[in-house]
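Everything below belongs to final-v8.cif, which stores mmCIF, C-alpha atoms.
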data_run
#
loop_
_atom_site.label_atom_id
_atom_site.label_comp_id
_atom_site.auth_asym_id
_atom_site.auth_seq_id
_atom_site.Cartn_x
_atom_site.Cartn_y
_atom_site.Cartn_z
CA MET A 297 23.85 -1.83 7.10
CA LYS A 298 20.08 -2.17 7.19
CA ILE A 299 18.53 -1.36 3.87
CA LEU A 300 15.10 -1.34 2.30
CA SER A 301 14.76 -3.71 -0.58
CA THR A 302 12.33 -4.38 -3.37
CA VAL A 303 11.60 -7.93 -4.46
CA LEU A 304 9.14 -7.57 -7.30
CA VAL A 305 8.18 -11.09 -8.25
CA VAL A 306 5.09 -13.32 -8.74
CA SER A 307 4.29 -15.19 -11.87
CA LEU A 308 0.73 -16.34 -11.35
CA VAL A 309 -2.30 -17.56 -13.11
CA ALA A 310 -5.09 -15.17 -12.55
CA CYS A 311 -14.46 -11.83 -11.26
CA SER A 312 -16.42 -10.17 -10.06
CA LYS A 313 -18.05 -10.09 -6.68
CA THR A 314 -20.83 -8.07 -5.17
CA PRO A 315 -19.07 -4.79 -4.39
CA SER A 316 -19.04 -3.19 -0.97
CA PRO A 317 -19.24 0.59 -0.36
CA PRO A 318 -16.35 2.89 -1.36
CA LEU A 319 -12.96 2.91 0.31
CA ALA A 320 -12.75 6.66 -0.14
CA ALA A 321 -14.60 9.30 -2.10
CA PRO A 322 -12.77 11.30 -4.78
CA ASP A 323 -10.97 14.34 -3.42
CA THR A 324 -13.18 17.41 -3.86
CA GLY A 325 -11.01 19.87 -2.00
CA THR A 326 -13.37 20.67 0.87
CA GLU A 327 -13.18 19.70 4.52
CA ALA A 328 -16.86 18.68 4.52
CA ASP A 329 -16.42 16.29 1.63
CA THR A 330 -13.27 14.81 3.15
CA ALA A 331 -15.11 14.25 6.44
CA GLN A 332 -17.96 12.59 4.53
CA ALA A 333 -15.50 10.30 2.75
CA GLU A 334 -14.01 9.25 6.08
CA ALA A 335 -17.48 8.65 7.51
CA THR A 336 -18.33 6.45 4.51
CA VAL A 337 -15.24 4.34 5.13
CA ALA A 338 -16.09 4.05 8.82
CA ASP A 339 -19.62 2.91 7.96
CA THR A 340 -18.28 -0.01 5.89
CA SER A 341 -16.35 -1.57 8.76
CA ALA A 342 -19.28 -3.85 9.60
CA THR A 343 -19.76 -5.03 6.00
CA ALA A 344 -19.46 -8.81 5.75
CA VAL A 345 -16.21 -9.86 4.09
CA ASP A 346 -14.44 -13.17 3.52
CA ASP A 347 -12.05 -14.38 6.23
CA LEU A 348 -8.70 -15.41 4.73
CA GLY A 349 -7.39 -17.08 7.88
CA ALA A 350 -7.76 -20.63 6.55
CA ILE A 351 -5.77 -19.70 3.42
CA LEU A 352 -3.03 -17.90 5.32
CA GLU A 353 -2.26 -20.30 8.16
CA PRO A 354 -0.76 -23.15 6.10
CA ILE A 355 1.34 -20.67 4.11
CA ARG A 356 2.54 -19.05 7.33
CA ALA A 357 3.44 -22.39 8.87
CA ALA A 358 5.17 -23.72 5.76
CA ASN A 359 7.41 -20.65 5.58
CA ALA A 360 8.08 -20.26 9.33
CA LEU A 361 6.62 -16.77 9.40
CA PRO A 362 5.79 -15.36 12.84
CA GLY A 363 2.65 -13.61 11.58
CA LEU A 364 0.96 -13.18 8.22
CA SER A 365 -1.91 -11.01 7.05
CA ALA A 366 -3.51 -10.26 3.70
CA ALA A 367 -6.49 -8.50 2.17
CA VAL A 368 -8.33 -8.08 -1.13
CA PHE A 369 -10.17 -4.94 -2.25
CA ASP A 370 -12.05 -3.62 -5.26
CA ASP A 371 -12.84 0.00 -6.05
CA ARG A 372 -15.76 -0.02 -3.63
CA GLY A 373 -14.14 -1.55 -0.60
CA LEU A 374 -12.92 -4.60 1.29
CA LEU A 375 -13.70 -8.04 -0.12
CA ALA A 376 -11.57 -10.28 2.10
CA ILE A 377 -9.08 -10.01 4.95
CA GLY A 378 -7.34 -12.37 7.31
CA ALA A 379 -4.53 -12.80 9.80
CA ALA A 380 -2.61 -15.80 11.13
CA GLY A 381 0.22 -16.36 13.57
CA LEU A 382 1.92 -14.30 16.23
CA ARG A 383 2.85 -10.68 16.78
CA LYS A 384 6.05 -11.84 18.48
CA GLN A 385 7.79 -15.20 18.23
CA GLY A 386 7.64 -16.89 21.63
CA ASP A 387 4.68 -14.80 22.81
CA PRO A 388 1.09 -16.09 22.57
CA THR A 389 -0.39 -12.79 21.33
CA LEU A 390 -1.98 -13.36 17.94
CA VAL A 391 -1.86 -10.95 15.01
CA THR A 392 -5.25 -9.47 14.11
CA LYS A 393 -6.94 -8.08 11.01
CA ASP A 394 -6.59 -4.58 12.45
CA ASP A 395 -2.86 -4.74 13.18
CA VAL A 396 -0.43 -2.14 11.84
CA TRP A 397 2.40 -3.32 9.59
CA HIS A 398 5.66 -1.80 8.42
CA LEU A 399 5.52 -1.07 4.66
CA GLY A 400 9.21 -0.53 3.91
CA SER A 401 9.77 0.57 0.31
CA ASP A 402 6.05 0.59 -0.43
CA THR A 403 6.38 4.07 1.06
CA LYS A 404 8.02 5.12 -2.22
CA ALA A 405 4.72 5.25 -4.11
CA MET A 406 3.44 7.57 -1.36
CA THR A 407 6.45 9.89 -1.69
CA ALA A 408 6.00 9.97 -5.47
CA THR A 409 2.29 10.75 -5.08
CA LEU A 410 3.11 13.50 -2.58
CA THR A 411 5.47 14.95 -5.17
CA ALA A 412 2.64 14.90 -7.71
CA LEU A 413 0.44 16.90 -5.33
CA LEU A 414 3.16 19.54 -4.96
CA VAL A 415 3.69 19.62 -8.73
CA GLU A 416 -0.02 20.30 -9.12
CA ASP A 417 0.29 23.07 -6.54
CA GLY A 418 3.11 24.64 -8.56
CA VAL A 419 5.57 24.23 -5.68
CA VAL A 420 7.96 22.02 -7.69
CA LYS A 421 8.11 20.52 -11.18
CA TRP A 422 8.94 17.01 -12.33
CA THR A 423 11.83 18.68 -14.12
CA THR A 424 13.06 20.58 -11.06
CA THR A 425 16.80 19.91 -10.88
CA LEU A 426 18.83 19.42 -7.75
CA ALA A 427 20.67 22.66 -8.54
CA GLU A 428 17.31 24.45 -8.59
CA ALA A 429 16.11 22.65 -5.48
CA PHE A 430 19.24 23.56 -3.51
CA PRO A 431 20.70 26.72 -5.11
CA GLU A 432 22.72 27.52 -1.99
CA TRP A 433 24.75 24.33 -2.52
CA THR A 434 26.11 25.39 -5.90
CA SER A 435 29.69 25.49 -4.66
CA THR A 436 29.58 22.08 -2.96
CA MET A 437 27.26 20.05 -5.22
CA ASN A 438 29.07 17.72 -7.59
CA VAL A 439 28.55 18.84 -11.16
CA GLY A 440 27.18 15.42 -12.05
CA TYR A 441 24.14 15.93 -9.84
CA ARG A 442 23.28 19.49 -10.84
CA THR A 443 20.98 18.59 -13.73
CA VAL A 444 19.37 15.55 -12.07
CA THR A 445 15.59 16.01 -11.87
CA LEU A 446 13.02 14.86 -9.33
CA GLU A 447 11.56 12.54 -11.96
CA MET A 448 14.95 10.91 -12.53
CA LEU A 449 15.35 10.26 -8.81
CA LEU A 450 11.84 8.86 -8.41
CA SER A 451 12.54 6.55 -11.37
CA HIS A 452 15.88 5.41 -9.86
CA ARG A 453 17.69 6.98 -12.83
CA GLY A 454 19.32 9.91 -11.03
CA GLY A 455 22.72 8.38 -10.33
CA ALA A 456 22.10 8.15 -6.57
CA PRO A 457 24.11 5.42 -4.81
CA ALA A 458 22.51 2.01 -4.42
CA ASP A 459 23.58 2.09 -0.76
CA VAL A 460 23.94 5.19 1.36
CA PRO A 461 27.73 5.55 1.91
CA ALA A 462 28.80 3.95 5.19
CA ASP A 463 30.07 7.14 6.83
CA ILE A 464 26.86 9.02 6.02
CA TRP A 465 24.77 6.04 7.10
CA ALA A 466 26.52 6.03 10.48
CA ASP A 467 25.72 9.71 10.96
CA MET A 468 22.05 9.02 10.17
CA TRP A 469 21.86 6.82 13.27
CA LYS A 470 22.96 9.59 15.61
CA PRO A 471 20.26 11.31 17.73
CA GLY A 472 18.68 14.28 16.02
CA VAL A 473 15.73 15.65 14.07
CA ALA A 474 14.92 13.45 11.08
CA ALA A 475 14.54 16.32 8.60
CA ASP A 476 17.82 17.91 9.69
CA GLN A 477 19.67 14.61 9.42
CA ARG A 478 18.09 13.95 6.04
CA LEU A 479 19.23 17.33 4.73
CA ALA A 480 22.76 16.77 6.04
CA ALA A 481 22.92 13.29 4.52
CA VAL A 482 21.66 14.53 1.16
CA LYS A 483 24.10 17.43 1.11
CA ALA A 484 26.97 15.05 1.83
CA MET A 485 25.91 12.61 -0.89
CA LEU A 486 25.48 15.38 -3.46
CA SER A 487 29.04 16.55 -2.83
CA ARG A 488 30.27 13.23 -4.23
CA PRO A 489 30.04 12.01 -7.85
CA PRO A 490 26.89 10.12 -8.95
CA GLU A 491 27.24 6.35 -8.87
CA THR A 492 26.13 6.07 -12.52
CA PRO A 493 25.64 8.69 -15.24
CA PRO A 494 22.24 10.30 -14.47
CA GLY A 495 19.43 9.42 -16.86
CA THR A 496 21.00 6.15 -17.94
CA ALA A 497 21.09 2.96 -15.88
CA PHE A 498 18.39 1.91 -13.43
CA VAL A 499 19.94 1.72 -9.94
CA TYR A 500 17.45 1.08 -7.15
CA ALA A 501 18.40 3.74 -4.61
CA ASN A 502 16.80 4.70 -1.32
CA ALA A 503 19.17 7.68 -1.39
CA GLY A 504 17.35 9.09 -4.42
CA TYR A 505 14.07 9.17 -2.52
CA MET A 506 15.81 10.86 0.40
CA MET A 507 16.97 13.52 -2.06
CA VAL A 508 13.42 14.05 -3.30
CA GLY A 509 12.09 14.22 0.26
CA ALA A 510 14.70 16.82 1.19
CA ALA A 511 13.86 18.83 -1.94
CA LEU A 512 10.15 18.85 -1.04
CA GLU A 513 11.01 19.96 2.50
CA HIS A 514 13.25 22.73 1.19
CA ALA A 515 10.52 23.95 -1.20
CA THR A 516 7.76 23.98 1.41
CA SER A 517 9.60 24.56 4.72
CA VAL A 518 7.55 21.61 6.01
CA THR A 519 8.95 18.21 6.96
CA TRP A 520 8.26 15.20 4.74
CA GLU A 521 6.54 13.52 7.66
CA SER A 522 4.17 16.48 8.14
CA LEU A 523 3.50 16.76 4.41
CA MET A 524 2.69 13.07 4.23
CA SER A 525 0.50 13.20 7.32
CA GLU A 526 -1.49 16.18 6.03
CA ARG A 527 -1.67 15.66 2.27
CA ILE A 528 -2.06 11.87 2.11
CA PHE A 529 -2.75 10.21 5.48
CA GLY A 530 -5.03 13.00 6.68
CA LYS A 531 -6.78 13.64 3.38
CA LEU A 532 -7.59 9.96 2.89
CA GLY A 533 -8.50 9.22 6.51
CA MET A 534 -5.57 6.85 7.06
CA SER A 535 -5.65 7.17 10.85
CA SER A 536 -3.56 4.09 11.65
CA CYS A 537 -0.62 5.21 9.51
CA GLY A 538 2.60 6.71 10.79
CA PHE A 539 6.37 6.37 10.57
CA GLY A 540 8.96 3.97 11.93
CA TYR A 541 8.13 1.09 14.23
CA ALA A 542 4.51 0.54 15.17
CA GLY A 543 3.37 -0.26 18.67
CA THR A 544 4.28 0.78 22.18
CA ILE A 545 7.68 0.31 23.78
CA GLY A 546 7.47 -2.50 26.32
CA LYS A 547 4.22 -3.93 24.90
CA VAL A 548 3.13 -6.47 22.32
CA ASP A 549 0.26 -4.34 21.03
CA GLN A 550 1.38 -4.53 17.37
CA PRO A 551 3.47 -7.01 15.34
CA TRP A 552 7.18 -6.96 16.18
CA GLY A 553 9.69 -7.28 13.36
CA HIS A 554 12.11 -10.23 13.44
CA THR A 555 15.72 -10.75 12.47
CA VAL A 556 16.89 -14.16 11.27
CA SER A 557 20.05 -16.14 11.92
CA GLY A 558 19.94 -19.58 10.37
CA THR A 559 16.56 -20.91 11.46
CA THR A 560 16.38 -18.74 14.59
CA LEU A 561 13.93 -15.82 14.63
CA THR A 562 14.68 -13.02 17.07
CA PRO A 563 11.90 -10.52 17.76
CA VAL A 564 12.96 -6.86 17.76
CA PRO A 565 11.10 -4.80 20.37
CA PRO A 566 9.54 -1.43 19.48
CA GLY A 567 12.23 1.22 19.68
CA PRO A 568 14.95 2.87 17.59
CA MET A 569 16.48 -0.44 16.43
CA ALA A 570 13.14 -1.72 15.12
CA ASP A 571 13.47 0.30 11.92
CA ASN A 572 15.93 2.16 9.70
CA PRO A 573 17.00 5.68 10.71
CA PRO A 574 14.03 8.11 10.58
CA SER A 575 15.88 10.30 8.07
CA LEU A 576 15.47 7.52 5.50
CA GLY A 577 11.72 8.23 5.69
CA PRO A 578 10.80 9.08 2.06
CA ALA A 579 12.38 5.82 0.90
CA GLY A 580 10.49 3.59 3.29
CA THR A 581 9.49 4.16 6.91
CA ALA A 582 5.67 4.23 6.72
CA HIS A 583 3.47 1.84 8.64
CA CYS A 584 -0.27 1.25 8.19
CA GLY A 585 -3.16 -1.05 8.91
CA LEU A 586 -4.18 -2.94 5.77
CA VAL A 587 -7.50 -1.16 5.33
CA ASP A 588 -5.87 2.24 5.70
CA TRP A 589 -3.05 1.32 3.32
CA ALA A 590 -5.71 0.37 0.78
CA LYS A 591 -7.15 3.90 0.96
CA PHE A 592 -3.92 5.11 -0.61
CA LEU A 593 -3.69 2.20 -3.05
CA HIS A 594 -7.28 2.94 -4.09
CA VAL A 595 -6.00 6.23 -5.53
CA HIS A 596 -3.88 4.26 -8.00
CA LEU A 597 -6.50 1.57 -8.65
CA VAL A 598 -9.26 3.96 -9.72
CA GLY A 599 -6.89 6.56 -11.16
CA ALA A 600 -5.47 3.99 -13.58
CA GLU A 601 -8.94 3.62 -15.08
CA GLY A 602 -9.54 7.36 -15.32
CA SER A 603 -11.80 7.90 -12.31
CA PRO A 604 -11.43 11.13 -10.26
CA THR A 605 -9.11 10.70 -7.31
CA LEU A 606 -6.64 12.50 -5.03
CA VAL A 607 -4.41 13.62 -7.92
CA SER A 608 -5.18 14.53 -11.52
CA ALA A 609 -5.38 12.09 -14.42
CA ALA A 610 -2.16 13.60 -15.79
CA SER A 611 -0.42 12.92 -12.49
CA ILE A 612 -1.64 9.31 -12.40
CA THR A 613 -0.28 8.79 -15.91
CA LYS A 614 3.07 10.25 -14.89
CA LEU A 615 3.25 8.15 -11.71
CA GLN A 616 2.36 4.90 -13.49
CA THR A 617 4.41 5.29 -16.69
CA PRO A 618 7.83 3.59 -16.66
CA TRP A 619 11.00 5.29 -17.80
CA THR A 620 11.54 4.65 -21.51
CA GLY A 621 13.04 1.22 -21.95
CA GLY A 622 12.42 0.20 -18.35
CA ASP A 623 9.63 -1.18 -16.18
CA TYR A 624 9.92 1.06 -13.11
CA ALA A 625 7.66 4.11 -12.99
CA LEU A 626 7.52 6.49 -10.00
CA GLY A 627 7.30 4.25 -6.94
CA TRP A 628 5.82 1.38 -8.96
CA LEU A 629 7.06 -1.57 -10.94
CA VAL A 630 4.80 -1.88 -14.00
CA ALA A 631 4.25 -5.38 -15.39
CA SER A 632 1.83 -7.35 -17.53
CA ARG A 633 -0.03 -10.36 -16.15
CA SER A 634 -2.79 -12.36 -17.82
CA TRP A 635 -4.56 -12.81 -14.51
CA GLY A 636 -4.65 -9.01 -14.18
CA GLY A 637 -6.10 -8.45 -17.62
CA GLY A 638 -2.92 -6.73 -18.80
CA THR A 639 -0.99 -3.99 -17.04
CA VAL A 640 -0.56 -4.32 -13.27
CA LEU A 641 1.33 -2.33 -10.63
CA THR A 642 3.38 -3.94 -7.88
CA HIS A 643 5.98 -3.24 -5.23
CA THR A 644 7.57 -4.99 -2.28
CA GLY A 645 9.06 -3.31 0.77
CA SER A 646 11.19 -4.49 3.66
CA ASN A 647 13.24 -2.91 6.42
CA THR A 648 14.90 -6.37 6.82
CA MET A 649 12.56 -7.19 9.73
CA ASN A 650 9.18 -6.99 7.96
CA THR A 651 7.87 -7.55 4.43
CA ALA A 652 4.92 -6.04 2.56
CA THR A 653 3.81 -6.61 -1.04
CA VAL A 654 1.02 -5.06 -3.10
CA TRP A 655 -0.43 -5.94 -6.51
CA ILE A 656 -2.93 -3.67 -8.27
CA ALA A 657 -4.86 -4.97 -11.28
CA PRO A 658 -6.92 -2.03 -12.61
CA LYS A 659 -8.47 -4.00 -15.51
CA LYS A 660 -9.81 -6.54 -13.03
CA ASN A 661 -10.72 -3.91 -10.41
CA ARG A 662 -8.68 -5.57 -7.71
CA LEU A 663 -5.89 -4.74 -5.32
CA LEU A 664 -4.22 -7.33 -3.15
CA VAL A 665 -1.82 -6.91 -0.22
CA ALA A 666 0.11 -9.31 1.98
CA VAL A 667 2.43 -8.62 4.92
CA THR A 668 4.56 -10.45 7.46
CA ASN A 669 6.79 -9.54 10.40
CA ARG A 670 9.90 -11.22 9.00
CA GLY A 671 12.13 -9.67 6.33
CA ASP A 672 14.51 -12.16 4.71
CA ASP A 673 14.26 -14.13 1.45
CA VAL A 674 12.12 -16.77 3.15
CA ALA A 675 9.65 -14.05 4.10
CA PHE A 676 9.56 -12.73 0.53
CA LYS A 677 8.75 -16.22 -0.76
CA GLY A 678 6.12 -16.73 1.92
CA VAL A 679 4.38 -13.46 1.15
CA ASP A 680 4.60 -14.19 -2.57
CA ALA A 681 2.90 -17.55 -2.01
CA VAL A 682 -0.19 -15.80 -0.65
CA PHE A 683 -1.14 -14.31 -4.00
CA ALA A 684 -1.75 -17.51 -5.99
CA PRO A 685 -4.85 -18.58 -3.97
CA LEU A 686 -6.08 -14.98 -3.76
CA ILE A 687 -5.85 -14.57 -7.54
CA GLU A 688 -7.51 -17.93 -8.07
CA LYS A 689 -10.43 -16.94 -5.86
CA TYR A 690 -10.84 -13.21 -6.52
CA LEU A 691 -9.57 -12.51 -10.04
CA LYS A 692 -10.70 -15.57 -11.98
#
How does this structure look as structure tokens?
Amino acid sequence: MKILSTVLVVSLVACSKTPSPPLAAPDTGTEADTAQAEATVADTSATAVDDLGAILEPIRAANALPGLSAAVFDDRGLLAIGAAGLRKQGDPTLVTKDDVWHLGSDTKAMTATLTALLVEDGVVKWTTTLAEAFPEWTSTMNVGYRTVTLEMLLSHRGGAPADVPADIWADMWKPGVAADQRLAAVKAMLSRPPETPPGTAFVYANAGYMMVGAALEHATSVTWESLMSERIFGKLGMSSCGFGYAGTIGKVDQPWGHTVSGTTLTPVPPGPMADNPPSLGPAGTAHCGLVDWAKFLHVHLVGAEGSPTLVSAASITKLQTPWTGGDYALGWLVASRSWGGGTVLTHTGSNTMNTATVWIAPKKNRLLVAVTNRGDDVAFKGVDAVFAPLIEKYLK
């Protein structure tokens, strides 16, 4: 079974720099202002930034990563970016700073933020229960799930299974419409008992995010993919972002993911087997270029310090506050690091063929990202190794 995983590590030592223009203007609710924000971002593309290639190449080589890319931003824009290595092992095509990377479970923060937007619209509540979300399933829904809320699921406290049951997982691979398959999978899972008593233990569960995605679809009659494309990607001008594998079938126009057997890397061509089933979407099927991904991360960077952004201050607080007694908020692991000046946000995503990690340090006005097109433990360690030199140079 292919799963998305979260490896939330980095114990690092952790300035300011002349800021560049904004990544994105605060959301003002008008098409004209949104267009202006996108134009501002476009105008910054020629701004001189540091090239991280010399930092990345030795890390890439030491960890046998096909390709590696990373970037550093502050609240006004891009400070540094770089790329090293290959889009596909055995092919000479190099990765570039503009390439599109699979984000895996880093999609979860996007799904949680989308939920916040719909809470603000009055479409759902954080306390909306699964029984309220799917009232027509009263006779089939296991009693243990009926009082589970959206907030519980987004915090991985809703009792959802750590792994989608094998029979349901197999059905998710069959041809069909992603939203329909997601609804069917969620209905089947909710007919079975929760894996743990809801509201108690933390169990990292992609299934819980599928349940939230299906609930949002049911409440709006719009697919999760369309909601995400309109309310987040479109609103923030994230034009390179989409779902599933990136690139064109039969071409090496974007990084290919890689599977690993021993020391052998096997590139996986663009196509259905290059990602998890589309119905898993809300848990982790987004892909983005690094600059576009940062437009979303910017929402959480500036929001954490109280600046106006895509969602309200109350929503930012909800999204970034861990469950009592835990360290996982809604799509974010919340930690404390001296190099970050205190509280930082982080997450790692992988579809087992790619890896992406983000760190946000609001007190230091920095966000850092690193990605590779390999998805095993070696890849996690390689990506993790990128952050030490970036912190030394950009947060000291």
Using only C-alpha atoms, which of A:Ala405, A:Ser557, A:Asp476, A:Ile351 sits nearest Ala367 (chain A)?
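Using only C-alpha atoms, the shortest distance to Ala367 (chain A) belongs to A:Ile351.
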Output check: residues returned by the PyMOL selection byres ((chain A and resi 420-433) around 9), as a PyMOL selection string:
chain A and resi 411-412+414-419+434-437+441-448+483+486-487+507-508+510-512+514-515
Starting from the PyMOL selection byres ((chain A and resi 667) around 6), expand the selection into actual residues of this file and give them as JSON, numbers by chain.
{"A": [364, 365, 651, 652, 666, 668]}
Selection result of the PyMOL selection byres ((chain A and resi 616) around 9) on this file, as a ChimeraX atom specification
/A:596,600,611-615,617-618,624-630,641
Take the point (-2.3, -18.6, -2.2) as written in the file and pick out every residue within 10 Å of it, counting all atoms listed in the file; give the list as a list in words.
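Counting all atoms listed in the file, I find these residues within 10 Å of (-2.3, -18.6, -2.2): Leu308, Leu348, Ile351, Leu352, Pro354, Ile355, Gly678, Val679, Asp680, Ala681, Val682, Phe683, Ala684, Pro685, Leu686, Ile687, Glu688 and Lys689 of chain A.
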Mind listing whatever residues come within 6 Å of the point (20.3, 9.3, -7.2)? Use only C-alpha atoms, file coordinates, and give them as number ranges by chain.
A: 449, 454-457, 504
Two-atom distance - CA of Met534 (chain A), CA of Ala582 (chain A) (Å)
11.5 Å
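When CA of His643 (chain A) is paired with CA of Val368 (chain A), their separation reads 15.7 Å.
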CA of Ala379 (chain A) and CA of Gly540 (chain A), how far apart in Å?
21.6 Å
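Considering all atoms listed in the file, the residue among A:Ser603, A:Tyr690, A:Ala475, A:Thr559 positioned nearest to Asn359 (chain A) is A:Thr559.
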Can you work out which one of A:Leu479, A:Ile377, A:Trp520, A:Met485 has the shortest atom-to-atom distance to Ala408 (chain A), counting only C-alpha atoms?
A:Trp520
